[in-house]
Structure formats: C-alpha cells, structure tokens
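Enquirer: One structure coming up, written as structure tokens, with questions to follow.
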Amino acid sequence: MRIGVEEEFHILQVESGLLVPRADAVLRRLRRHTFTTELHQSTVESNSRVHATLAGLYADLARTRRRLDAVASSLGLAVVAAGTAPLAPAASGHPTAGARYRHMVEEYRQVADEQLICGAQIHVDIPDRDTAVGVMCAVSPWLPVLLALSASSPFWQGADTGYASWRTLLWQRWPTAGPVGCFPSAADYDAVVSDLVRTGVISDPGMIYYDVRPSAHLRTLELRICDACPRAETVVLVAGLFRALVTEAIELRASGAAVCDGRHEWLRGASWRAARSGLEGALVDPRTHREAPAADVVRGLLARLRPALEDHGDWQTVGDLTEAALADGSAAERMRRKAREEDLLACTDLLIAETRGERRHRRSAPVTRRKVARSAAGAAGSGAPEVLGT
C-alpha cells in the first residue's frame, strides 16, 4: 500500500514575518508537476512522489522542502509549513488567477478571503471506490487523534487563539468540511456529491472537504484533517498511522466484521476537542467516547495498530516518532513556548527553521527587525516519476 503527501506552505517576507503574494514568482523557478498554486498567492503546494516506505517518503519530503526553501531564499522570502502563519493579516486580497478561484472568492466571500491556512493531505492506495467508502467510515473515529498530532496553528492575526489548531475552526466554515457520514457504497457517496454540485453549494467534486474522502482523480483514500506540519517527521508519523488505520479497516472489512456502528454525530465534538487541546490536554477516546489524556489516547492508537504497522515494517519508526512527538509536544506548544520566551517573530523564525529541517532557529533578529515585526503585528491585528496531483 503506497503513500503520498500533498503539503501546503505559506510564503513569508523574512523581515516582517507577513504573508506575501509571491507564489507565481516562486513557482516560475520550480517544476510544475511537483509544485502548484492554491487559492491565495501567499501559498504554494508540493506533491510528493508515491512511496512504499516511510523512509522513502521522508527523503522525498526533505528534498522537496530544501528545494522550495532554496528558491524562496533566492527571492528574499521564506516558506513555512504550519496551519497558520503567526502574523497573518485578516485577508490577503491576492487570490490566484483562474475561473475556479475567482468563483470561490465571489461565492464564499470572507470564508475564501480568510483561507490563509495550510494543511497536509495524506494519500493511501485503495483497491476500489467501494472499499474506499467503507474504509472512510471505519477510520473516521481516529482522525481527531491525527489532527492533535499535527496541530500547528495557535496564532491568528498576531494573537493567541487559545486553540492548538485554529486552522480547523477556519476550515470548518466551508459547507462540506468536517467529519464525513457513513455511506453504504461508492454509488451512494457519489450521488450525495452530485446532489451538492447540482444545488450550487459547491461547484465541483474537488470542493468536497471532508476530513477523509476518496480522491476525485486517484485510486486513493485521502486524509484531509491535518494542519501543515513544520517538521517533516510529523508528516511521516501521521502517514504511517493513517496507512495502518486503512490497512486494519480493509482487513476487518474483508473478514466480514463490522467496521463502524454508523454513529458519527460525536465526531465533530471530538475534532473540536483535538483542535482546542492538541497533545497538551485531553482528547475524546474513540473506544469509550470519554475524555482521556492525549498521550493515553495516542498510545492506545499505536498499540491497536501494531499488527498493521509491523506488516508494513513501520512499527519501530512510528513508535519512535510517536514517543518523540509526545516528549517534544505539539508544534502549537513549541510555537507558544518560543513566543513566550521572545515574540511572534522569533516564533516565525522557529517555523522557518523547522520547515527547513533544522532543530535550532537562528539567533534573535536585531532590534531594527524587531521594530518592523511589531509594526507588522499591529497591521495584522487590524515526465517524471509518478507524482500526486491536486
């Protein structure tokens, strides 16, 4: 079962830490089958190759990030993989050209204007669409745990939101975002999607933004709940866990065992809890539907998935990455620590460093840059190998 990843990155002006609409300039220097546009010109997306191993995926992500960082640096810019940029303004005002994006901006107004968020999407091979729809239902209860592992967006417009993943709250304003329901077959799922398009609520199947969905153009199941992750290791951890969840669900389904009780009403609350707390508070345990310490729920998922992880040769890697994530805390907590120690520009520097693969960000900027940052914060407050497509 192969895996692939789509990662979204903010483009920042280094001195101020603010978003800048320079995606076209960055993309002109990159391969367009690997990198592409998003709704706003302050975001670029990378599409990984398809991999059988977590080691291959990690090497690909690290290489892609280095290439993107080198190009951005040559333009005096920086890129950040995080759910939100700490000093993001209320709206960029620079949507990407094209009829589809123009329609989204005109139809959804402020929801689209404030789509200054980045996510990481994981694709896992799936045999067919009926299996994809059945597995989608089975894995949904555990997706808030993956969100907690990825949480990296505590700040919005220069202020602490109190959430580990504010991106989740912004994202769920779209009409088709959030937990997915249960469908008997792919035909039933496709009929619902077609109905949504016919009503005009969405313009095309690509605007189905459920936390997990069958890909509209690949034979994969796509995880969409996660924030973009500053550390590539976190992306690999989530990919390993998601592949194991899919593997387990396929095997249960093949055995004739029940894979879901058909009750997903509680999942929106569980997702809210994960977005609020990240790894630093409680999560809703899918086994009991009760609150439990995040570390207990994460380790419970790891233990549950051990057979599937061992089948893929991932047990040691995923186990080590899990313990490292619990020890270091979520990206949201690391960002808050840095902001408390210094300020939001230092927090932004930390994100730039982690996106590059560094574990130590550069020394604090000089006083003149700090003054720029404070002013900016005030403004903000007011032929190739097989590659994933978008």
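Within each chain, counting starts at residue 1; across the structure tokens, chains are named A, B, ... in the order shown, with ligands numbered 1 upward in that order.
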Listing only residues of segment 133-210 of chain A within 8 Å of segment 248-258 of chain A, what is the closest atom pair and its distance in Å (to one decimal) for each, using only C-alpha atoms, sorted by chain and residue number ascending, as a Markdown table?
Expert:
```
| residue | atom | partner | partner_atom | distance |
| --- | --- | --- | --- | --- |
| A:Gly134 | CA | A:Arg253 | CA | 7.8 |
| A:Val135 | CA | A:Ala249 | CA | 5.6 |
| A:Ala138 | CA | A:Ala249 | CA | 6.1 |
| A:Val139 | CA | A:Ala249 | CA | 7.0 |
```
Enquirer: Would you put the residues from that selection into a file with all heavy atoms, as a PDB file, in the first residue's frame?
Expert:
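Output below, filename part.pdb:
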```
ATOM      1  N   GLY A 134     -16.140   2.393   2.362  1.00  0.00           N
ATOM      2  CA  GLY A 134     -16.274   1.611   3.586  1.00  0.00           C
ATOM      3  C   GLY A 134     -15.174   1.907   4.582  1.00  0.00           C
ATOM      4  O   GLY A 134     -15.416   2.054   5.785  1.00  0.00           O
ATOM      5  N   VAL A 135     -13.952   2.012   4.088  1.00  0.00           N
ATOM      6  CA  VAL A 135     -12.810   2.298   4.962  1.00  0.00           C
ATOM      7  C   VAL A 135     -12.902   3.722   5.517  1.00  0.00           C
ATOM      8  O   VAL A 135     -12.553   3.973   6.680  1.00  0.00           O
ATOM      9  CB  VAL A 135     -11.492   2.083   4.189  1.00  0.00           C
ATOM     10  CG1 VAL A 135     -10.300   2.636   4.957  1.00  0.00           C
ATOM     11  CG2 VAL A 135     -11.295   0.600   3.912  1.00  0.00           C
ATOM     12  N   ALA A 138     -14.802   3.601   8.559  1.00  0.00           N
ATOM     13  CA  ALA A 138     -14.149   2.880   9.648  1.00  0.00           C
ATOM     14  C   ALA A 138     -13.054   3.677  10.332  1.00  0.00           C
ATOM     15  O   ALA A 138     -12.869   3.578  11.546  1.00  0.00           O
ATOM     16  CB  ALA A 138     -13.578   1.566   9.113  1.00  0.00           C
ATOM     17  N   VAL A 139     -12.304   4.457   9.565  1.00  0.00           N
ATOM     18  CA  VAL A 139     -11.158   5.169  10.153  1.00  0.00           C
ATOM     19  C   VAL A 139     -11.552   6.500  10.783  1.00  0.00           C
ATOM     20  O   VAL A 139     -10.782   7.064  11.575  1.00  0.00           O
ATOM     21  CB  VAL A 139     -10.045   5.414   9.104  1.00  0.00           C
ATOM     22  CG1 VAL A 139      -9.597   4.098   8.484  1.00  0.00           C
ATOM     23  CG2 VAL A 139     -10.479   6.397   8.019  1.00  0.00           C
TER      24      VAL A 139
END
```
Enquirer: Please identify the strand (DSSP E) residues within segment 92-254 of chain A (assignment by DSSP from backbone atoms) and present them as a list in words.
Expert: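 In segment 92-254 of chain A, DSSP puts these residues in strand (DSSP E): Gly119, Ala120, Gln121, Ile122, His123, Val124, Asp125, Phe155, Trp156, Ala159, Asp160, Val212, Arg213, Pro214, Thr220, Leu221, Glu222, Leu223, Arg224, Ile225, Cys226 and Asp227 of chain A.
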Enquirer: According to DSSP computed on the backbone, where in segment 150-287 of chain A is there alpha helix (DSSP H)? Give the residues as a ChimeraX atom specification.
Expert: /A:150,166-171,186-199,232-255,267-277
Enquirer: Which residue, A:Val284, A:Leu279, A:Leu237, A:Ala274, has the smallest gap to Leu321 of chain A when you use only C-alpha atoms?
Expert: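 Of all the options, A:Leu237 lies closest to Leu321 of chain A.
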Enquirer: As a PDB file with N, CA, C and O atoms, in the first residue's frame, please: the residues near Ala303 of chain A (cut-off 12 Å, only C-alpha atoms, same-chain neighbours under 3 positions excluded).
Expert:
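After the write, selection.pdb holds the following:
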```pdb
ATOM      1  N   LEU A 241       0.635   6.151  10.559  1.00  0.00           N
ATOM      2  CA  LEU A 241      -0.560   5.791  11.330  1.00  0.00           C
ATOM      3  C   LEU A 241      -1.785   5.679  10.425  1.00  0.00           C
ATOM      4  O   LEU A 241      -2.603   4.762  10.570  1.00  0.00           O
ATOM      5  N   ALA A 244      -1.715   2.513   8.426  1.00  0.00           N
ATOM      6  CA  ALA A 244      -2.049   1.368   9.277  1.00  0.00           C
ATOM      7  C   ALA A 244      -3.547   1.320   9.583  1.00  0.00           C
ATOM      8  O   ALA A 244      -4.146   0.235   9.624  1.00  0.00           O
ATOM      9  N   LEU A 245      -4.165   2.486   9.804  1.00  0.00           N
ATOM     10  CA  LEU A 245      -5.611   2.511  10.014  1.00  0.00           C
ATOM     11  C   LEU A 245      -6.356   1.970   8.795  1.00  0.00           C
ATOM     12  O   LEU A 245      -7.317   1.192   8.922  1.00  0.00           O
ATOM     13  N   ASP A 296      -2.400   9.103  26.442  1.00  0.00           N
ATOM     14  CA  ASP A 296      -3.019   7.777  26.582  1.00  0.00           C
ATOM     15  C   ASP A 296      -3.763   7.390  25.307  1.00  0.00           C
ATOM     16  O   ASP A 296      -3.713   6.233  24.866  1.00  0.00           O
ATOM     17  N   VAL A 297      -4.462   8.353  24.722  1.00  0.00           N
ATOM     18  CA  VAL A 297      -5.228   8.055  23.503  1.00  0.00           C
ATOM     19  C   VAL A 297      -4.266   7.762  22.343  1.00  0.00           C
ATOM     20  O   VAL A 297      -4.489   6.818  21.571  1.00  0.00           O
ATOM     21  N   VAL A 298      -3.207   8.544  22.222  1.00  0.00           N
ATOM     22  CA  VAL A 298      -2.238   8.323  21.140  1.00  0.00           C
ATOM     23  C   VAL A 298      -1.574   6.957  21.303  1.00  0.00           C
ATOM     24  O   VAL A 298      -1.451   6.196  20.329  1.00  0.00           O
ATOM     25  N   ARG A 299      -1.152   6.628  22.513  1.00  0.00           N
ATOM     26  CA  ARG A 299      -0.509   5.322  22.722  1.00  0.00           C
ATOM     27  C   ARG A 299      -1.511   4.187  22.538  1.00  0.00           C
ATOM     28  O   ARG A 299      -1.143   3.097  22.090  1.00  0.00           O
ATOM     29  N   GLY A 300      -2.784   4.432  22.851  1.00  0.00           N
ATOM     30  CA  GLY A 300      -3.806   3.426  22.589  1.00  0.00           C
ATOM     31  C   GLY A 300      -3.967   3.143  21.108  1.00  0.00           C
ATOM     32  O   GLY A 300      -4.117   1.994  20.683  1.00  0.00           O
ATOM     33  N   ARG A 306      -0.479  -1.936  16.042  1.00  0.00           N
ATOM     34  CA  ARG A 306       0.808  -2.623  15.962  1.00  0.00           C
ATOM     35  C   ARG A 306       0.848  -3.714  14.890  1.00  0.00           C
ATOM     36  O   ARG A 306       1.824  -3.783  14.122  1.00  0.00           O
ATOM     37  N   PRO A 307      -0.160  -4.595  14.775  1.00  0.00           N
ATOM     38  CA  PRO A 307      -0.081  -5.625  13.726  1.00  0.00           C
ATOM     39  C   PRO A 307       0.049  -5.028  12.321  1.00  0.00           C
ATOM     40  O   PRO A 307       0.864  -5.497  11.516  1.00  0.00           O
ATOM     41  N   ALA A 308      -0.753  -4.002  12.025  1.00  0.00           N
ATOM     42  CA  ALA A 308      -0.685  -3.383  10.695  1.00  0.00           C
ATOM     43  C   ALA A 308       0.643  -2.672  10.491  1.00  0.00           C
ATOM     44  O   ALA A 308       1.236  -2.728   9.398  1.00  0.00           O
ATOM     45  N   LEU A 309       1.138  -2.011  11.515  1.00  0.00           N
ATOM     46  CA  LEU A 309       2.432  -1.332  11.403  1.00  0.00           C
ATOM     47  C   LEU A 309       3.552  -2.338  11.188  1.00  0.00           C
ATOM     48  O   LEU A 309       4.471  -2.104  10.387  1.00  0.00           O
ATOM     49  N   GLU A 310       3.500  -3.461  11.876  1.00  0.00           N
ATOM     50  CA  GLU A 310       4.524  -4.496  11.683  1.00  0.00           C
ATOM     51  C   GLU A 310       4.454  -5.073  10.277  1.00  0.00           C
ATOM     52  O   GLU A 310       5.492  -5.378   9.662  1.00  0.00           O
ATOM     53  N   TRP A 315       6.679  -0.453  12.485  1.00  0.00           N
ATOM     54  CA  TRP A 315       6.430  -0.404  13.926  1.00  0.00           C
ATOM     55  C   TRP A 315       7.487   0.400  14.670  1.00  0.00           C
ATOM     56  O   TRP A 315       7.169   1.286  15.460  1.00  0.00           O
ATOM     57  N   VAL A 318       7.423   4.279  13.568  1.00  0.00           N
ATOM     58  CA  VAL A 318       6.245   5.005  14.054  1.00  0.00           C
ATOM     59  C   VAL A 318       6.249   5.077  15.576  1.00  0.00           C
ATOM     60  O   VAL A 318       5.882   6.111  16.164  1.00  0.00           O
ATOM     61  N   GLY A 319       6.681   4.013  16.223  1.00  0.00           N
ATOM     62  CA  GLY A 319       6.760   4.050  17.679  1.00  0.00           C
ATOM     63  C   GLY A 319       7.732   5.106  18.165  1.00  0.00           C
ATOM     64  O   GLY A 319       7.438   5.881  19.093  1.00  0.00           O
ATOM     65  N   THR A 322       6.316   8.564  17.527  1.00  0.00           N
ATOM     66  CA  THR A 322       5.224   8.861  18.460  1.00  0.00           C
ATOM     67  C   THR A 322       5.765   9.330  19.797  1.00  0.00           C
ATOM     68  O   THR A 322       5.319  10.345  20.356  1.00  0.00           O
TER      69      THR A 322
END
```
Enquirer: Could you name the residues that touch Glu6 of chain A at 7 Å or less, counting only C-alpha atoms, but leaving out those on the same chain fewer than 4 positions away, as a list in words?
Expert: Glu45, Ser46, Asn47, Ser48, Ala120, Gln121 and Ile122 of chain A
Enquirer: Write a file of the selected residues as a PDB file, in the first residue's frame, keeping N, CA, C and O atoms.
Expert:
```
ATOM      1  N   GLU A  45       1.824  24.694  -3.021  1.00  0.00           N
ATOM      2  CA  GLU A  45       1.609  23.296  -2.634  1.00  0.00           C
ATOM      3  C   GLU A  45       2.640  22.410  -3.313  1.00  0.00           C
ATOM      4  O   GLU A  45       2.979  22.626  -4.484  1.00  0.00           O
ATOM      5  N   SER A  46       3.126  21.425  -2.580  1.00  0.00           N
ATOM      6  CA  SER A  46       4.015  20.426  -3.173  1.00  0.00           C
ATOM      7  C   SER A  46       3.301  19.081  -3.212  1.00  0.00           C
ATOM      8  O   SER A  46       2.495  18.765  -2.328  1.00  0.00           O
ATOM      9  N   ASN A  47       3.593  18.305  -4.250  1.00  0.00           N
ATOM     10  CA  ASN A  47       3.021  16.968  -4.412  1.00  0.00           C
ATOM     11  C   ASN A  47       4.161  15.959  -4.427  1.00  0.00           C
ATOM     12  O   ASN A  47       5.028  16.010  -5.305  1.00  0.00           O
ATOM     13  N   SER A  48       4.165  15.064  -3.463  1.00  0.00           N
ATOM     14  CA  SER A  48       5.251  14.096  -3.372  1.00  0.00           C
ATOM     15  C   SER A  48       5.141  13.044  -4.460  1.00  0.00           C
ATOM     16  O   SER A  48       4.103  12.900  -5.116  1.00  0.00           O
ATOM     17  N   ALA A 120      -1.844  19.455   5.433  1.00  0.00           N
ATOM     18  CA  ALA A 120      -1.103  18.331   4.845  1.00  0.00           C
ATOM     19  C   ALA A 120      -2.102  17.226   4.556  1.00  0.00           C
ATOM     20  O   ALA A 120      -2.873  16.841   5.441  1.00  0.00           O
ATOM     21  N   GLN A 121      -2.123  16.763   3.318  1.00  0.00           N
ATOM     22  CA  GLN A 121      -3.040  15.691   2.916  1.00  0.00           C
ATOM     23  C   GLN A 121      -2.244  14.415   2.616  1.00  0.00           C
ATOM     24  O   GLN A 121      -1.244  14.462   1.897  1.00  0.00           O
ATOM     25  N   ILE A 122      -2.712  13.318   3.185  1.00  0.00           N
ATOM     26  CA  ILE A 122      -2.047  12.022   3.019  1.00  0.00           C
ATOM     27  C   ILE A 122      -2.911  11.144   2.125  1.00  0.00           C
ATOM     28  O   ILE A 122      -4.111  10.982   2.380  1.00  0.00           O
TER      29      ILE A 122
END
```
Enquirer: Applying 7 Å and only C-alpha atoms, which residues near segment 158-167 of chain A remain after dropping the ones on its own chain fewer than 4 positions away? List them as a PyMOL selection string.
Expert: chain A and resi 83-84+86-88+117+151-154+171+227+275-278+332+377+380-381
Enquirer: If you keep C-alpha atoms, can you produce a file of those selected residues as a compact mmCIF listing (two decimals), in the first residue's frame?
Expert:
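Written output follows (part_18.txt):
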```txt
# COMPACT_ATOMS: atom_id res chain seq x y z
CA GLY A 83 -1.64 25.60 9.83
CA THR A 84 -1.46 29.39 10.12
CA PRO A 86 1.58 33.68 13.37
CA LEU A 87 1.45 37.18 11.88
CA ALA A 88 -1.06 36.52 9.10
CA ILE A 117 -4.31 28.36 6.13
CA ALA A 151 -1.73 20.82 15.43
CA SER A 152 0.36 23.85 14.44
CA SER A 153 -1.89 26.90 14.30
CA PRO A 154 -2.34 28.55 17.71
CA TRP A 171 -11.58 25.30 7.70
CA ASP A 227 -2.58 21.04 9.80
CA ALA A 275 -8.25 21.41 17.78
CA ARG A 276 -8.58 23.02 21.18
CA SER A 277 -6.12 20.86 23.10
CA GLY A 278 -3.65 19.34 20.65
CA ALA A 332 1.45 24.56 18.63
CA ALA A 377 1.90 42.58 14.05
CA ALA A 380 -2.01 42.10 11.02
CA GLY A 381 -4.25 42.51 14.02
```
Enquirer: With only C-alpha atoms as the basis for distance, which of A:Gly269, A:Gly206, A:Gly4, A:Gly181 is at the shortest distance from Asp285 of chain A?
Expert: A:Gly269
Enquirer: List as a ChimeraX atom specification the protein and nucleic acid residues near segment 349-351 of chain A, meaning an atom at most 10 Å away when only C-alpha atoms are counted, but skip any in the same chain fewer than 3 places from it.
Expert: /A:14,17,78-82,85-86,152,229-231,331,334-335,338-339,344-346,354-365
Enquirer: Taking C-alpha atoms for each residue, export the selection above as a PDB file, in the first residue's frame.
Expert:
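Below is the file part36.pdb, written as the result:
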```pdb
ATOM      1  CA  VAL A  14      11.505  37.462   6.049  1.00  0.00           C
ATOM      2  CA  GLY A  17       7.034  37.628   9.003  1.00  0.00           C
ATOM      3  CA  ALA A  78      10.863  32.160   3.372  1.00  0.00           C
ATOM      4  CA  VAL A  79       8.382  29.289   3.439  1.00  0.00           C
ATOM      5  CA  VAL A  80       6.602  27.855   6.454  1.00  0.00           C
ATOM      6  CA  ALA A  81       4.675  24.605   6.867  1.00  0.00           C
ATOM      7  CA  ALA A  82       2.120  25.378   9.588  1.00  0.00           C
ATOM      8  CA  ALA A  85       1.330  31.946   9.959  1.00  0.00           C
ATOM      9  CA  PRO A  86       1.578  33.681  13.365  1.00  0.00           C
ATOM     10  CA  SER A 152       0.364  23.847  14.441  1.00  0.00           C
ATOM     11  CA  CYS A 229       3.457  20.329   9.929  1.00  0.00           C
ATOM     12  CA  PRO A 230       6.686  22.280  10.497  1.00  0.00           C
ATOM     13  CA  ARG A 231       8.637  19.041  10.957  1.00  0.00           C
ATOM     14  CA  ALA A 331       4.078  22.264  17.116  1.00  0.00           C
ATOM     15  CA  ARG A 334       6.559  24.711  20.698  1.00  0.00           C
ATOM     16  CA  MET A 335       5.345  27.883  19.000  1.00  0.00           C
ATOM     17  CA  LYS A 338       9.016  30.469  21.697  1.00  0.00           C
ATOM     18  CA  ALA A 339       6.515  33.332  21.669  1.00  0.00           C
ATOM     19  CA  LEU A 344       5.976  36.156  17.433  1.00  0.00           C
ATOM     20  CA  LEU A 345       8.768  36.960  15.006  1.00  0.00           C
ATOM     21  CA  ALA A 346      11.025  34.522  16.881  1.00  0.00           C
ATOM     22  CA  GLU A 354      11.805  23.519  11.374  1.00  0.00           C
ATOM     23  CA  THR A 355      10.397  23.629   7.844  1.00  0.00           C
ATOM     24  CA  ARG A 356      13.997  23.608   6.581  1.00  0.00           C
ATOM     25  CA  GLY A 357      14.761  20.579   8.746  1.00  0.00           C
ATOM     26  CA  GLU A 358      16.767  22.483  11.363  1.00  0.00           C
ATOM     27  CA  ARG A 359      16.263  21.923  15.056  1.00  0.00           C
ATOM     28  CA  ARG A 360      17.644  25.286  16.173  1.00  0.00           C
ATOM     29  CA  HIS A 361      16.409  28.533  14.665  1.00  0.00           C
ATOM     30  CA  ARG A 362      18.828  31.336  14.016  1.00  0.00           C
ATOM     31  CA  ARG A 363      19.703  33.871  16.664  1.00  0.00           C
ATOM     32  CA  SER A 364      17.229  36.601  17.525  1.00  0.00           C
ATOM     33  CA  ALA A 365      16.940  39.293  14.904  1.00  0.00           C
TER      34      ALA A 365
END
```
Enquirer: Would you mind telling me which residue in A:Glu114, A:Ser16, A:Arg2, A:Ser194 lies nearest to Trp156 of chain A when using only C-alpha atoms?
Expert: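 Closest to Trp156 of chain A, using only C-alpha atoms: A:Glu114.
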Enquirer: So that I can see what lies close to Leu116 of chain A, please list as a PyMOL selection string the residues with an atom at most 9 Å from it, counting only C-alpha atoms and leaving out residues fewer than 3 positions away in the same chain.
Expert: chain A and resi 10+19+39-40+42-43+83-85+88-92+112-113+167
Enquirer: So which one's closest to Arg49 of chain A, A:Leu30, A:Leu301, A:Ala70, A:Ile3? Using only C-alpha atoms, please.
Expert: A:Ile3
Enquirer: In Å, with one decimal, what is the gap from atom CA of Gln316 of chain A to atom CA of Tyr58 of chain A?
Expert: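 A separation of 15.0 Å between them.
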